[in-house]
Amino acid sequence: MVVGRLNLTDAELDRLFRALADVTRRDIIRRVLAGEPASVSSLAARYDMSFAAVQKHVAVLEEAGRVTKQQHGRER
């Protein structure tokens, strides 16, 4: 097995593993990579949780560098 070297600090690795430890955040990443609409409101419609809860999940993913927010009109 060959493992590529990541030049991440311990803090960056902690953020990455924290982000990927949650099943909802992993599902958000799967949906985005599959090309589904990825506004926070369109993501929130797919889960049995509040918009604010999904927004927090997206914030964790953004903090870990797994997603970025871009503004398109009134949506991000």
# chains A, B, ... in the order shown; residues from 1 in each chain; ligands from 1
$ select_by_dssp --residues "region 2-75 of chain A" --states "alpha helix (DSSP H)" --output "VMD selection string"
chain A and resid 10 to 20 23 to 33 40 to 44 51 to 63
$ write_last_selection --atoms "N, CA, C and O atoms" --output "short mmCIF file (atom, residue, chain, number, x, y, z; two decimals), in the first residue's frame"
data_model
loop_
_atom_site.label_atom_id
_atom_site.label_comp_id
_atom_site.auth_asym_id
_atom_site.auth_seq_id
_atom_site.Cartn_x
_atom_site.Cartn_y
_atom_site.Cartn_z
N ASP A 10 -1.07 18.95 13.06
CA ASP A 10 -1.95 18.16 13.91
C ASP A 10 -3.32 18.82 14.03
O ASP A 10 -4.35 18.14 14.01
N ALA A 11 -3.37 20.13 14.14
CA ALA A 11 -4.64 20.85 14.25
C ALA A 11 -5.48 20.69 12.98
O ALA A 11 -6.69 20.50 13.05
N GLU A 12 -4.83 20.75 11.82
CA GLU A 12 -5.54 20.57 10.55
C GLU A 12 -6.09 19.15 10.43
O GLU A 12 -7.21 18.94 9.98
N LEU A 13 -5.29 18.18 10.84
CA LEU A 13 -5.76 16.78 10.82
C LEU A 13 -6.91 16.57 11.78
O LEU A 13 -7.87 15.86 11.46
N ASP A 14 -6.86 17.20 12.95
CA ASP A 14 -7.97 17.10 13.90
C ASP A 14 -9.25 17.65 13.29
O ASP A 14 -10.33 17.05 13.42
N ARG A 15 -9.17 18.81 12.61
CA ARG A 15 -10.35 19.39 11.97
C ARG A 15 -10.89 18.48 10.87
O ARG A 15 -12.10 18.30 10.72
N LEU A 16 -9.99 17.89 10.09
CA LEU A 16 -10.39 17.00 9.01
C LEU A 16 -11.12 15.77 9.55
O LEU A 16 -12.21 15.43 9.09
N PHE A 17 -10.53 15.11 10.54
CA PHE A 17 -11.15 13.91 11.09
C PHE A 17 -12.45 14.24 11.82
O PHE A 17 -13.41 13.47 11.76
N ARG A 18 -12.50 15.39 12.48
CA ARG A 18 -13.75 15.81 13.14
C ARG A 18 -14.84 16.00 12.10
O ARG A 18 -15.98 15.57 12.29
N ALA A 19 -14.50 16.62 10.98
CA ALA A 19 -15.48 16.87 9.93
C ALA A 19 -16.01 15.58 9.34
O ALA A 19 -17.20 15.43 9.06
N LEU A 20 -15.13 14.61 9.15
CA LEU A 20 -15.52 13.36 8.50
C LEU A 20 -16.10 12.32 9.48
O LEU A 20 -16.60 11.28 9.05
N VAL A 23 -21.82 11.21 10.19
CA VAL A 23 -22.45 10.62 9.02
C VAL A 23 -23.16 11.67 8.16
O VAL A 23 -23.16 11.58 6.93
N THR A 24 -23.75 12.68 8.77
CA THR A 24 -24.44 13.72 7.99
C THR A 24 -23.44 14.50 7.16
O THR A 24 -23.69 14.78 5.98
N ARG A 25 -22.31 14.84 7.75
CA ARG A 25 -21.30 15.59 6.99
C ARG A 25 -20.72 14.75 5.85
O ARG A 25 -20.49 15.27 4.75
N ARG A 26 -20.52 13.46 6.09
CA ARG A 26 -20.05 12.60 4.99
C ARG A 26 -21.09 12.53 3.88
O ARG A 26 -20.76 12.55 2.70
N ASP A 27 -22.37 12.50 4.25
CA ASP A 27 -23.43 12.46 3.24
C ASP A 27 -23.49 13.78 2.46
O ASP A 27 -23.70 13.76 1.25
N ILE A 28 -23.30 14.88 3.13
CA ILE A 28 -23.26 16.17 2.44
C ILE A 28 -22.14 16.18 1.40
O ILE A 28 -22.35 16.60 0.26
N ILE A 29 -20.98 15.69 1.77
CA ILE A 29 -19.87 15.63 0.82
C ILE A 29 -20.21 14.73 -0.36
O ILE A 29 -19.96 15.08 -1.51
N ARG A 30 -20.82 13.56 -0.08
CA ARG A 30 -21.23 12.65 -1.18
C ARG A 30 -22.18 13.35 -2.14
O ARG A 30 -22.05 13.24 -3.35
N ARG A 31 -23.17 14.05 -1.60
CA ARG A 31 -24.16 14.73 -2.43
C ARG A 31 -23.51 15.82 -3.29
O ARG A 31 -23.81 15.95 -4.47
N VAL A 32 -22.63 16.59 -2.68
CA VAL A 32 -21.96 17.67 -3.43
C VAL A 32 -21.09 17.08 -4.53
O VAL A 32 -21.10 17.56 -5.67
N LEU A 33 -20.34 16.03 -4.22
CA LEU A 33 -19.49 15.40 -5.23
C LEU A 33 -20.30 14.76 -6.35
O LEU A 33 -19.83 14.66 -7.48
N VAL A 40 -27.25 25.64 1.01
CA VAL A 40 -27.57 25.12 2.35
C VAL A 40 -29.06 24.81 2.43
O VAL A 40 -29.46 23.79 2.99
N SER A 41 -29.90 25.65 1.85
CA SER A 41 -31.35 25.39 1.91
C SER A 41 -31.72 24.13 1.13
O SER A 41 -32.58 23.36 1.58
N SER A 42 -31.10 23.86 -0.02
CA SER A 42 -31.42 22.63 -0.76
C SER A 42 -30.89 21.40 -0.01
O SER A 42 -31.52 20.35 -0.03
N LEU A 43 -29.76 21.54 0.66
CA LEU A 43 -29.26 20.44 1.48
C LEU A 43 -30.17 20.20 2.68
O LEU A 43 -30.49 19.06 3.01
N ALA A 44 -30.61 21.28 3.32
CA ALA A 44 -31.45 21.17 4.52
C ALA A 44 -32.76 20.47 4.22
O ALA A 44 -33.30 19.75 5.08
N PHE A 51 -32.68 23.97 9.38
CA PHE A 51 -31.75 24.67 8.49
C PHE A 51 -30.49 25.04 9.27
O PHE A 51 -29.37 24.86 8.77
N ALA A 52 -30.66 25.54 10.50
CA ALA A 52 -29.51 25.95 11.31
C ALA A 52 -28.57 24.78 11.60
O ALA A 52 -27.35 24.95 11.60
N ALA A 53 -29.13 23.59 11.83
CA ALA A 53 -28.29 22.43 12.10
C ALA A 53 -27.48 22.06 10.86
O ALA A 53 -26.28 21.77 10.97
N VAL A 54 -28.10 22.08 9.69
CA VAL A 54 -27.37 21.79 8.46
C VAL A 54 -26.31 22.85 8.21
O VAL A 54 -25.19 22.55 7.81
N GLN A 55 -26.65 24.10 8.49
CA GLN A 55 -25.70 25.20 8.32
C GLN A 55 -24.47 24.98 9.21
O GLN A 55 -23.34 25.24 8.79
N LYS A 56 -24.68 24.47 10.42
CA LYS A 56 -23.55 24.18 11.31
C LYS A 56 -22.69 23.05 10.75
O LYS A 56 -21.47 23.10 10.83
N HIS A 57 -23.32 22.02 10.19
CA HIS A 57 -22.56 20.93 9.57
C HIS A 57 -21.70 21.47 8.42
O HIS A 57 -20.53 21.12 8.29
N VAL A 58 -22.29 22.33 7.60
CA VAL A 58 -21.55 22.92 6.48
C VAL A 58 -20.39 23.77 7.01
O VAL A 58 -19.29 23.75 6.44
N ALA A 59 -20.61 24.49 8.10
CA ALA A 59 -19.55 25.31 8.68
C ALA A 59 -18.37 24.45 9.15
O ALA A 59 -17.21 24.84 8.98
N VAL A 60 -18.65 23.29 9.73
CA VAL A 60 -17.58 22.38 10.16
C VAL A 60 -16.80 21.89 8.94
O VAL A 60 -15.56 21.85 8.96
N LEU A 61 -17.52 21.55 7.87
CA LEU A 61 -16.85 21.11 6.64
C LEU A 61 -16.02 22.23 6.02
O LEU A 61 -14.92 22.00 5.52
N GLU A 62 -16.54 23.44 6.09
CA GLU A 62 -15.80 24.59 5.56
C GLU A 62 -14.54 24.86 6.39
O GLU A 62 -13.47 25.11 5.83
N GLU A 63 -14.67 24.78 7.69
CA GLU A 63 -13.52 24.99 8.58
C GLU A 63 -12.42 23.97 8.31
O GLU A 63 -11.23 24.27 8.39
#
$ atom_distance --atom1 "CA of Ala21 (chain A)" --atom2 "CA of Gln70 (chain A)"
24.4 Å
$ atom_distance --atom1 "CA of Asn7 (chain A)" --atom2 "CA of Asp22 (chain A)"
23.5 Å
